[in-house]
Amino acid sequence: MATTAFGLEKLVVRELEALGYAPRVVRPGRVQFEGDATAICRANLWLRTAERVVILAGSFPATDFGQLFDGTKAIAWEEWIPADGAFPISGRSHKSQLSSVPACQKIVNKAVAERLLAGHGVGVLPETAAKYAVEVEMFEDTASLLLDTSGAGLHKRGYRTSVAEGQLRETLAAAMVTLSVWNRDRPLIDPFCGTGTIAIEAALIGRRSAPGLDREFAAEAWPAIDPAVWHTAREEARDLWLPPLEHRIVATDLNPKSLELARHHAERAGVGADIHFQERAFEDLTSSRKYGCMICNPPYGIKIGSEAESVELHRRLPIVLRRLPTWSHYVLTARGDFERLIGQQATRRRKLYNGRIECTYYQFLGPKPPRDAEFRSAITQAEPEVAIEHEGETEPVERRPEQEVSPVREAPPRERPLPAYVPPVFGGLREDSKRQASEFANRLTNRARHLRRWPTRRGITCYRLYDRDVPDVPLAVDRYEDALVIAEYRRPNDHTPAEHADWLDLMCRTAADTLEVDRNRVFLKQRETKSGEKQYGKFGEGSQTLIAHEDGLEFIVNLSDYLDTGLFLDHRQTRHMVREVAAGKRFVNLFAYTGSFSVYAAAGGAASTTTVDLSPTYVDWARENMKQNKLMGLAHQFVVADARDWLAALPEEPLFDLAVVDPPTFSNTKRTTTGHHEIDDWDVQLDYAPLLESLALRMSSGGVVYFSTNFRRFKFDEAKLPSYQSREISKQTVPEDFRNDRIHRCWRLVRK
């Protein structure tokens with residue numbers, strides 16, 4: 001009998017059938033088969049997914065200890081165990097009246113001992129020779145007596161010398177490979193290889209190397225089995241070993257210590273030359289090879305990594321794996337929300353156990369590679385999917401009659417039609433994507449022609465080219481000198497995350513090619529509703545900056561690292577208004593961001609400027625913008641502070657004549673009050689009036705405040721601002737390159 005972990009019984013059946021035996025699953029975790037001593041040797045050497053090979057010495061009903069004793073003693077133990085053999089007894093009980101395992105062990109031990117004493121005609125049993133481990137299994141009132149031939153579990157192949165955190169059992173890793181469609185003629189990648197178990201087990205399968213070839217088994221020391229049988233079985237295994245793999249297995253990880261151990265294990269297993277280990281992040285995964293298999297066991301926040309890291313990693317899986325459009329993908333994870341996180345369902349699932357952790361093996365079956373080498377070469381650049389594979393079987397793709405593919409050998413190479421298109425596992429483009437890209441390109445062409453003279457005639461090199469002009473393409477495209485910044489406005493759709501990422505890539509390529517911009521100078525930003533600290537967080541580290549020119553001034557723009565670039569293009573007109581009235585004024589800029597309004601005020605001759613923002617990064621950025629325009633001086637102050645706290649600390653006297661207040665819609669700020677730190681929300685609808693009234697106490701009579709917000713549902717209430725005369729000037733402040741005239745709203749407030 002082969003014992004196995006739950007869920008792997010059918011794999012063990014296949015392995016035994018391949019060895020020429022007729023196995024059957026008798027209950028979960030138990031596969032029974034018949035054979036002689038050779039079967040014991042070959043099963044131990046070749047079974048990859050079983051835990052042990054045991055001899056079923058006897059089985060009989062047992063509802064009381066008398067029956068258990070008599071049935072055990074009736075077995076001819078002397079045929080296997082010599083007089084000096086050690087016979088430790090273990091046991092287990094499930095759904096049986098004899099539920100006390102220690103009691104069952106005592107009864108069996110006594111029965112075996114009495115049988116051996118009588119069978120060998122001796123008076124003592126010294127137990128000084130080889131080990132013959134006996135297990136009594138009580139299952140539904142039936143006793144099964146098992147004699148363990150393996151010794152150490154079959155997962156102990158002999159190549160692993162050290163144990164690392166989160167390692168897979170070799171038997172489970174072999175099962176993952178066996179359950180995939182991988183074979184030695186296909187590429188294989190494990191992007192979370194750890195100490196290399198999946199890759200090593202796959203290499204052993206690809207080389208047809210018996211997993212137990214380099215280890216010893218308990219039954220090798222038994223006189224009942226001729227040593228020549230073991231020798232013959234090992235010679236057979238060595239003769240069957242195949243040459244090195246044509247496609248080296250790729251195994252990557254970020255942990256250099258794990259990779260060092262993986263290389264050591266691979267060398268000990270004899271497959272070091274068949275695996276390429278590399279230190280590489282999962283986000284960098286790519287391959288030019290086709291029709292491969294990705295098999296992995298990513299961290300799921302139990303033994304390795306945190307819950308938040310696990311969630312983020314699983315969400316990124318389809319976005320990265322779409323780079324392998326012809327591949328099949330296999331993921332073992334304990335996350336029950338896996339399919340929700342990746343946004344699509346697996347082709348099939350299988351429950352497996354990683355130790356005691358219940359996991360699911362998600363299988364995403366990709367297209368079948370073409371059989372004919374010439375045909376395969378001819379469609380290398382095409383979409384080559386022709387069928388879906390299911391665990392060794394092929395399920396043809398349903399085609400209309402006009403799509404039938406002629407047999408490869410009957411048609412000349414030039415007349416062979418390409419296979420019907422089957423989408424990749426992750427990603428792919430829908431039928432209407434080509435039309436959307438065409439309409440998008442036409443609109444970009446027209447807008448670029450209309451705005452082409454702005455840089456030379458107006459000195460404006462940064463402007464909006466496109467703003468959701470085509471309903472099916474909800475993007476905004478801004479030109480910054482020689483670069484494009486494309487922002488997506490998230491909306492519900494039926495695309496998977498990977499399909500949507502491919503669609504975005506298509507639109508970015510379309511914009512770059514249409515506007516003749518280097519594709520490396522196209523930057524995609526995805527706008528979505530966020531709150532708290534995440535609103536202004538960094539999401540890139542590329543630091544791709546340039547100097548933007550506007551109305552004779554220069555601004556440092558960061559295209560890669562933040563959601564916004566550092567220059568709000570929709571405030572171009574408002575900045576111009578500020579410069580026109582700034583001469584001799586004391587100017588204050590609250591929620592200043594990168595200080596572009598302060599630069600305009602200084603350029604307009606302001607007597608002084610005060611730039612206030614809670615972010616040290618943005619205040620430093622504002623200072624650099626002032627330096628870039630050679631406007632720095634003692635009259636220009638830069639303050640890192642919460643605008644409300646800063647105003648409250650000022651005396652109530654006319655300190656400013658001109659102000660700009662352009663707050664975020666919502667944010668969390670850490671404020672200091674009476675020596676205590678506390679988190680205080682900013683909500684523009686609730687907080688604008690108290691802030692502006694506080695500012696009014698510091699404004700001169702007739703002083704002007706420009707107040708702006710991009711909150712679409714904002715409701716301005718003049719009654720809440722008794723200190724001002726107010727007038728909305730939104731139509732005058734939205735630039736003509738913005739199709740959306742509600743991009744922001746702006747009021748001119750005059751201090752009474």
# chains A, B, ... in the order shown; residues from 1 in each chain; ligands from 1
call {"tool": "residues_around", "arguments": {"residues": "region 290-299 of chain A", "least_positions_apart": "6", "cutoff": "7 Å", "atoms": "only C-alpha atoms", "output": "PyMOL selection string"}}
result
chain A and resi 182+186-192+305+310+326-333+369
call {"tool": "write_last_selection", "arguments": {"atoms": "C-alpha atoms", "output": "PDB file, in the first residue's frame"}}
result
ATOM      1  CA  TRP A 182       4.655  20.791 -18.327  1.00  0.00           C
ATOM      2  CA  ARG A 186       8.448  23.137 -22.622  1.00  0.00           C
ATOM      3  CA  PRO A 187       9.918  26.065 -20.670  1.00  0.00           C
ATOM      4  CA  LEU A 188       9.237  26.309 -16.945  1.00  0.00           C
ATOM      5  CA  ILE A 189       9.535  29.235 -14.537  1.00  0.00           C
ATOM      6  CA  ASP A 190       9.103  29.423 -10.768  1.00  0.00           C
ATOM      7  CA  PRO A 191       9.272  33.136  -9.827  1.00  0.00           C
ATOM      8  CA  PHE A 192       9.102  32.443  -6.053  1.00  0.00           C
ATOM      9  CA  GLY A 305       5.287  37.882   4.634  1.00  0.00           C
ATOM     10  CA  SER A 310       0.295  39.013   0.409  1.00  0.00           C
ATOM     11  CA  THR A 326       1.008  31.593 -24.537  1.00  0.00           C
ATOM     12  CA  TRP A 327       1.829  30.088 -21.148  1.00  0.00           C
ATOM     13  CA  SER A 328      -0.128  28.039 -18.621  1.00  0.00           C
ATOM     14  CA  HIS A 329      -0.023  29.143 -14.994  1.00  0.00           C
ATOM     15  CA  TYR A 330      -0.277  27.213 -11.729  1.00  0.00           C
ATOM     16  CA  VAL A 331      -0.497  28.828  -8.300  1.00  0.00           C
ATOM     17  CA  LEU A 332      -0.658  27.131  -4.891  1.00  0.00           C
ATOM     18  CA  THR A 333      -2.049  29.452  -2.219  1.00  0.00           C
ATOM     19  CA  PRO A 369       1.743  24.432 -28.708  1.00  0.00           C
TER      20      PRO A 369
END
call {"tool": "residues_around", "arguments": {"residues": "Cys193 (chain A)", "least_positions_apart": "5", "cutoff": "9 Å", "atoms": "only C-alpha atoms", "output": "ChimeraX atom specification"}}
result
/A:198-199,251-253,258-259,262,277,296-298
call {"tool": "closest_residue", "arguments": {"among": "A:Arg479, A:His495, A:Phe597, A:Asp226", "to": "Thr565 (chain A)", "atoms": "only C-alpha atoms"}}
result
A:Arg479
call {"tool": "atom_distance", "arguments": {"atom1": "CA of Pro690 (chain A)", "atom2": "CA of Arg644 (chain A)"}}
result
9.0 Å
call {"tool": "atom_distance", "arguments": {"atom1": "CA of Ala22 (chain A)", "atom2": "CA of Leu213 (chain A)"}}
result
23.0 Å
call {"tool": "select_by_dssp", "arguments": {"residues": "region 2-172 of chain A", "states": "alpha helix (DSSP H)", "output": "VMD selection string"}}
result
chain A and resid 9 to 18 37 to 46 65 to 73 101 to 120 170 to 172
call {"tool": "residues_around", "arguments": {"residues": "Lys585 (chain A)", "least_positions_apart": "6", "cutoff": "7 Å", "atoms": "only C-alpha atoms", "output": "ChimeraX atom specification"}}
result
/A:606-608,657-658
call {"tool": "write_last_selection", "arguments": {"atoms": "C-alpha atoms", "output": "compact mmCIF listing (two decimals), in the first residue's frame"}}
result
# COMPACT_ATOMS: atom_id res chain seq x y z
CA ALA A 606 4.76 90.81 -5.27
CA ALA A 607 6.29 92.57 -2.29
CA SER A 608 6.49 89.24 -0.48
CA ASP A 657 -3.24 91.57 0.35
CA LEU A 658 -3.49 88.64 -2.06
call {"tool": "residues_around", "arguments": {"residues": "Met626 (chain A)", "least_positions_apart": "3", "cutoff": "12 Å", "atoms": "only C-alpha atoms", "output": "ChimeraX atom specification"}}
result
/A:553-556,594-603,609-611,619-623,629-633,635-638
call {"tool": "write_last_selection", "arguments": {"atoms": "C-alpha atoms", "output": "mmCIF file, in the first residue's frame"}}
result
data_model
loop_
_atom_site.group_PDB
_atom_site.id
_atom_site.type_symbol
_atom_site.label_atom_id
_atom_site.label_comp_id
_atom_site.auth_asym_id
_atom_site.auth_seq_id
_atom_site.Cartn_x
_atom_site.Cartn_y
_atom_site.Cartn_z
ATOM 1 C CA LEU A 553 8.502 80.820 -16.456
ATOM 2 C CA GLU A 554 10.005 77.423 -15.718
ATOM 3 C CA PHE A 555 8.750 74.652 -13.466
ATOM 4 C CA ILE A 556 10.289 71.377 -12.350
ATOM 5 C CA THR A 594 4.817 72.896 -5.447
ATOM 6 C CA GLY A 595 4.426 76.657 -5.266
ATOM 7 C CA SER A 596 3.567 77.520 -8.875
ATOM 8 C CA PHE A 597 1.208 80.318 -7.735
ATOM 9 C CA SER A 598 4.003 81.725 -5.565
ATOM 10 C CA VAL A 599 6.371 81.783 -8.562
ATOM 11 C CA TYR A 600 3.779 83.652 -10.642
ATOM 12 C CA ALA A 601 3.169 86.156 -7.817
ATOM 13 C CA ALA A 602 6.895 86.764 -7.413
ATOM 14 C CA ALA A 603 7.275 87.177 -11.180
ATOM 15 C CA THR A 609 5.291 85.669 -0.839
ATOM 16 C CA THR A 610 4.562 83.072 1.828
ATOM 17 C CA THR A 611 4.225 79.482 0.669
ATOM 18 C CA VAL A 619 7.758 72.915 0.156
ATOM 19 C CA ASP A 620 11.281 71.966 -0.968
ATOM 20 C CA TRP A 621 9.927 71.548 -4.486
ATOM 21 C CA ALA A 622 8.355 75.041 -4.302
ATOM 22 C CA ARG A 623 11.664 76.490 -3.176
ATOM 23 C CA ASN A 629 13.264 81.247 -12.060
ATOM 24 C CA LYS A 630 15.956 83.217 -10.175
ATOM 25 C CA LEU A 631 13.340 84.807 -7.904
ATOM 26 C CA MET A 632 14.662 83.766 -4.486
ATOM 27 C CA GLY A 633 15.114 86.427 -1.854
ATOM 28 C CA ALA A 635 10.873 88.424 0.792
ATOM 29 C CA HIS A 636 9.900 84.838 -0.035
ATOM 30 C CA GLN A 637 9.165 82.482 2.848
ATOM 31 C CA PHE A 638 8.480 78.749 2.746
#
call {"tool": "select_by_dssp", "arguments": {"residues": "region 255-349 of chain A", "states": "strand (DSSP E or B)", "output": "ChimeraX atom specification"}}
result
/A:275-279,293-296,328-333,348-349
call {"tool": "atom_distance", "arguments": {"atom1": "CA of Asp505 (chain A)", "atom2": "CA of Tyr362 (chain A)"}}
result
26.7 Å
call {"tool": "residues_around", "arguments": {"residues": "region 44-55 of chain A", "least_positions_apart": "6", "cutoff": "6 Å", "atoms": "only C-alpha atoms", "output": "mmCIF file with N, CA and C atoms, in the first residue's frame"}}
result
data_model
loop_
_atom_site.group_PDB
_atom_site.id
_atom_site.type_symbol
_atom_site.label_atom_id
_atom_site.label_comp_id
_atom_site.auth_asym_id
_atom_site.auth_seq_id
_atom_site.Cartn_x
_atom_site.Cartn_y
_atom_site.Cartn_z
ATOM 1 N N MET A 1 0.841 -1.177 0.000
ATOM 2 C CA MET A 1 0.000 0.000 0.000
ATOM 3 C C MET A 1 0.886 1.239 0.000
ATOM 4 N N ALA A 2 0.512 2.248 -0.835
ATOM 5 C CA ALA A 2 1.201 3.530 -0.840
ATOM 6 C C ALA A 2 0.352 4.509 -0.043
ATOM 7 N N THR A 3 0.952 5.133 0.956
ATOM 8 C CA THR A 3 0.247 6.166 1.709
ATOM 9 C C THR A 3 0.562 7.514 1.079
ATOM 10 N N THR A 4 -0.408 8.408 1.139
ATOM 11 C CA THR A 4 -0.220 9.695 0.476
ATOM 12 C C THR A 4 -1.023 10.772 1.184
ATOM 13 N N LEU A 146 0.186 -2.703 9.236
ATOM 14 C CA LEU A 146 1.053 -2.247 8.154
ATOM 15 C C LEU A 146 2.511 -2.344 8.577
ATOM 16 N N LEU A 147 3.336 -2.788 7.645
ATOM 17 C CA LEU A 147 4.770 -2.899 7.887
ATOM 18 C C LEU A 147 5.478 -1.900 6.966
ATOM 19 N N ASP A 148 6.152 -0.907 7.553
ATOM 20 C CA ASP A 148 6.741 0.199 6.793
ATOM 21 C C ASP A 148 8.040 -0.230 6.127
ATOM 22 N N THR A 149 8.092 -0.161 4.791
ATOM 23 C CA THR A 149 9.309 -0.528 4.051
ATOM 24 C C THR A 149 10.194 0.674 3.747
ATOM 25 N N SER A 150 9.667 1.881 3.941
ATOM 26 C CA SER A 150 10.395 3.077 3.491
ATOM 27 C C SER A 150 11.354 3.614 4.539
ATOM 28 N N GLY A 153 10.280 9.226 5.445
ATOM 29 C CA GLY A 153 9.258 9.502 4.443
ATOM 30 C C GLY A 153 9.850 9.662 3.046
ATOM 31 N N LEU A 154 9.068 9.304 2.034
ATOM 32 C CA LEU A 154 9.576 9.357 0.657
ATOM 33 C C LEU A 154 9.859 10.777 0.185
ATOM 34 N N THR A 171 7.305 15.997 -2.098
ATOM 35 C CA THR A 171 6.184 15.271 -2.700
ATOM 36 C C THR A 171 5.113 16.231 -3.206
ATOM 37 N N ALA A 175 3.952 16.899 -7.039
ATOM 38 C CA ALA A 175 2.538 16.838 -7.418
ATOM 39 C C ALA A 175 2.137 18.063 -8.219
ATOM 40 N N ALA A 210 14.682 8.679 -10.957
ATOM 41 C CA ALA A 210 13.923 8.123 -9.841
ATOM 42 C C ALA A 210 14.206 8.952 -8.589
ATOM 43 N N PRO A 211 13.178 9.497 -7.929
ATOM 44 C CA PRO A 211 13.420 10.397 -6.788
ATOM 45 C C PRO A 211 14.112 9.731 -5.612
ATOM 46 N N GLY A 212 13.979 8.411 -5.471
ATOM 47 C CA GLY A 212 14.595 7.734 -4.338
ATOM 48 C C GLY A 212 15.928 7.091 -4.663
ATOM 49 N N LEU A 213 16.519 7.437 -5.795
ATOM 50 C CA LEU A 213 17.733 6.749 -6.249
ATOM 51 C C LEU A 213 18.912 6.957 -5.304
#
call {"tool": "closest_residue", "arguments": {"among": "A:Leu245, A:Met699, A:Val485, A:Val477", "to": "Arg586 (chain A)", "atoms": "only C-alpha atoms"}}
result
A:Met699
call {"tool": "closest_residue", "arguments": {"among": "A:Tyr724, A:Phe714, A:Phe60, A:Tyr159", "to": "Leu686 (chain A)", "atoms": "only C-alpha atoms"}}
result
A:Phe714
call {"tool": "closest_residue", "arguments": {"among": "A:Lys110, A:Lys715, A:Arg350, A:His265", "to": "Leu8 (chain A)", "atoms": "only C-alpha atoms"}}
result
A:Arg350
call {"tool": "closest_residue", "arguments": {"among": "A:Ala202, A:Val320, A:Leu590, A:Leu559", "to": "Ala501 (chain A)", "atoms": "only C-alpha atoms"}}
result
A:Val320
call {"tool": "residues_around", "arguments": {"residues": "Ala118 (chain A)", "least_positions_apart": "2", "cutoff": "12 Å", "atoms": "only C-alpha atoms", "output": "PyMOL selection string"}}
result
chain A and resi 73-74+76-78+82-83+111-116+120-125
call {"tool": "write_last_selection", "arguments": {"atoms": "N, CA and C atoms", "output": "PDB file, in the first residue's frame"}}
result
ATOM      1  N   LYS A  73      -2.042 -11.774  16.050  1.00  0.00           N
ATOM      2  CA  LYS A  73      -1.194 -12.948  16.294  1.00  0.00           C
ATOM      3  C   LYS A  73      -1.301 -13.966  15.164  1.00  0.00           C
ATOM      4  N   ALA A  74      -2.407 -13.927  14.432  1.00  0.00           N
ATOM      5  CA  ALA A  74      -2.590 -14.883  13.340  1.00  0.00           C
ATOM      6  C   ALA A  74      -1.719 -14.566  12.133  1.00  0.00           C
ATOM      7  N   ALA A  76       1.657 -14.061   9.994  1.00  0.00           N
ATOM      8  CA  ALA A  76       2.974 -14.728  10.034  1.00  0.00           C
ATOM      9  C   ALA A  76       4.097 -13.683  10.082  1.00  0.00           C
ATOM     10  N   TRP A  77       4.232 -13.031  11.217  1.00  0.00           N
ATOM     11  CA  TRP A  77       5.250 -11.976  11.341  1.00  0.00           C
ATOM     12  C   TRP A  77       6.668 -12.514  11.199  1.00  0.00           C
ATOM     13  N   GLU A  78       6.855 -13.777  11.526  1.00  0.00           N
ATOM     14  CA  GLU A  78       8.210 -14.331  11.456  1.00  0.00           C
ATOM     15  C   GLU A  78       8.751 -14.405  10.030  1.00  0.00           C
ATOM     16  N   PRO A  82      12.938 -10.960  11.793  1.00  0.00           N
ATOM     17  CA  PRO A  82      13.779 -11.991  12.423  1.00  0.00           C
ATOM     18  C   PRO A  82      13.686 -11.901  13.947  1.00  0.00           C
ATOM     19  N   ALA A  83      14.297 -12.865  14.583  1.00  0.00           N
ATOM     20  CA  ALA A  83      14.201 -12.953  16.047  1.00  0.00           C
ATOM     21  C   ALA A  83      14.809 -11.738  16.739  1.00  0.00           C
ATOM     22  N   ALA A 111       0.875  -9.163  20.846  1.00  0.00           N
ATOM     23  CA  ALA A 111       0.523 -10.215  19.897  1.00  0.00           C
ATOM     24  C   ALA A 111       1.679 -10.504  18.947  1.00  0.00           C
ATOM     25  N   VAL A 112       2.339  -9.459  18.451  1.00  0.00           N
ATOM     26  CA  VAL A 112       3.477  -9.656  17.543  1.00  0.00           C
ATOM     27  C   VAL A 112       4.600 -10.381  18.279  1.00  0.00           C
ATOM     28  N   ALA A 113       4.873  -9.977  19.519  1.00  0.00           N
ATOM     29  CA  ALA A 113       5.955 -10.598  20.282  1.00  0.00           C
ATOM     30  C   ALA A 113       5.682 -12.084  20.502  1.00  0.00           C
ATOM     31  N   GLU A 114       4.471 -12.429  20.898  1.00  0.00           N
ATOM     32  CA  GLU A 114       4.159 -13.844  21.122  1.00  0.00           C
ATOM     33  C   GLU A 114       4.283 -14.633  19.826  1.00  0.00           C
ATOM     34  N   ARG A 115       3.871 -14.057  18.698  1.00  0.00           N
ATOM     35  CA  ARG A 115       3.979 -14.769  17.415  1.00  0.00           C
ATOM     36  C   ARG A 115       5.440 -14.967  17.045  1.00  0.00           C
ATOM     37  N   LEU A 116       6.275 -13.954  17.266  1.00  0.00           N
ATOM     38  CA  LEU A 116       7.692 -14.083  16.919  1.00  0.00           C
ATOM     39  C   LEU A 116       8.399 -15.084  17.831  1.00  0.00           C
ATOM     40  N   HIS A 120       9.919 -18.252  15.847  1.00  0.00           N
ATOM     41  CA  HIS A 120      11.369 -18.461  15.764  1.00  0.00           C
ATOM     42  C   HIS A 120      11.878 -19.446  16.811  1.00  0.00           C
ATOM     43  N   GLY A 121      10.990 -19.895  17.689  1.00  0.00           N
ATOM     44  CA  GLY A 121      11.394 -20.856  18.707  1.00  0.00           C
ATOM     45  C   GLY A 121      12.441 -20.320  19.648  1.00  0.00           C
ATOM     46  N   VAL A 122      12.302 -19.073  20.070  1.00  0.00           N
ATOM     47  CA  VAL A 122      13.277 -18.450  20.963  1.00  0.00           C
ATOM     48  C   VAL A 122      12.578 -18.029  22.243  1.00  0.00           C
ATOM     49  N   GLY A 123      13.405 -17.688  23.258  1.00  0.00           N
ATOM     50  CA  GLY A 123      12.847 -17.281  24.536  1.00  0.00           C
ATOM     51  C   GLY A 123      12.850 -15.776  24.748  1.00  0.00           C
ATOM     52  N   VAL A 124      13.712 -15.060  23.981  1.00  0.00           N
ATOM     53  CA  VAL A 124      13.781 -13.594  24.119  1.00  0.00           C
ATOM     54  C   VAL A 124      13.838 -12.961  22.732  1.00  0.00           C
ATOM     55  N   LEU A 125      13.446 -11.682  22.677  1.00  0.00           N
ATOM     56  CA  LEU A 125      13.512 -10.884  21.440  1.00  0.00           C
ATOM     57  C   LEU A 125      14.373  -9.653  21.727  1.00  0.00           C
TER      58      LEU A 125
END
call {"tool": "closest_residue", "arguments": {"among": "A:Trp230, A:Val181, A:Arg24, A:Thr128", "to": "Ile40 (chain A)", "atoms": "only C-alpha atoms"}}
result
A:Trp230
call {"tool": "residues_around", "arguments": {"residues": "Gln105 (chain A)", "least_positions_apart": "3", "cutoff": "12 Å", "atoms": "only C-alpha atoms", "output": "ChimeraX atom specification"}}
result
/A:65,68-69,72,87-93,98-102,108-112,134-138,143,145
call {"tool": "write_last_selection", "arguments": {"atoms": "C-alpha atoms", "output": "CSV table (one decimal), in the first residue's frame"}}
result
chain,number,residue,atom,x,y,z
A,65,PHE,CA,-9.2,-6.0,22.2
A,68,LEU,CA,-7.4,-7.3,17.8
A,69,PHE,CA,-5.0,-9.6,19.7
A,72,THR,CA,-2.7,-9.7,14.9
A,87,PHE,CA,9.5,-3.7,15.9
A,88,PRO,CA,8.2,-0.4,17.2
A,89,ILE,CA,4.5,-0.1,17.1
A,90,SER,CA,2.6,3.1,16.1
A,91,GLY,CA,-1.1,3.5,15.7
A,92,ARG,CA,-4.1,5.6,14.8
A,93,SER,CA,-7.9,5.2,15.1
A,98,LEU,CA,-11.3,0.8,19.7
A,99,SER,CA,-10.4,4.5,20.0
A,100,SER,CA,-7.6,4.4,22.5
A,101,VAL,CA,-4.5,4.3,20.4
A,102,PRO,CA,-2.0,3.5,23.2
A,108,VAL,CA,-0.5,-5.4,19.0
A,109,ASN,CA,3.0,-5.3,20.5
A,110,LYS,CA,2.1,-8.2,22.8
A,111,ALA,CA,0.5,-10.2,19.9
A,112,VAL,CA,3.5,-9.7,17.5
A,134,VAL,CA,4.6,-1.7,12.5
A,135,GLU,CA,1.5,0.5,12.4
A,136,VAL,CA,-2.0,-0.5,13.5
A,137,GLU,CA,-4.8,1.4,11.8
A,138,MET,CA,-8.3,1.2,13.2
A,143,ALA,CA,-7.8,-3.3,11.9
A,145,LEU,CA,-1.6,-4.0,10.2
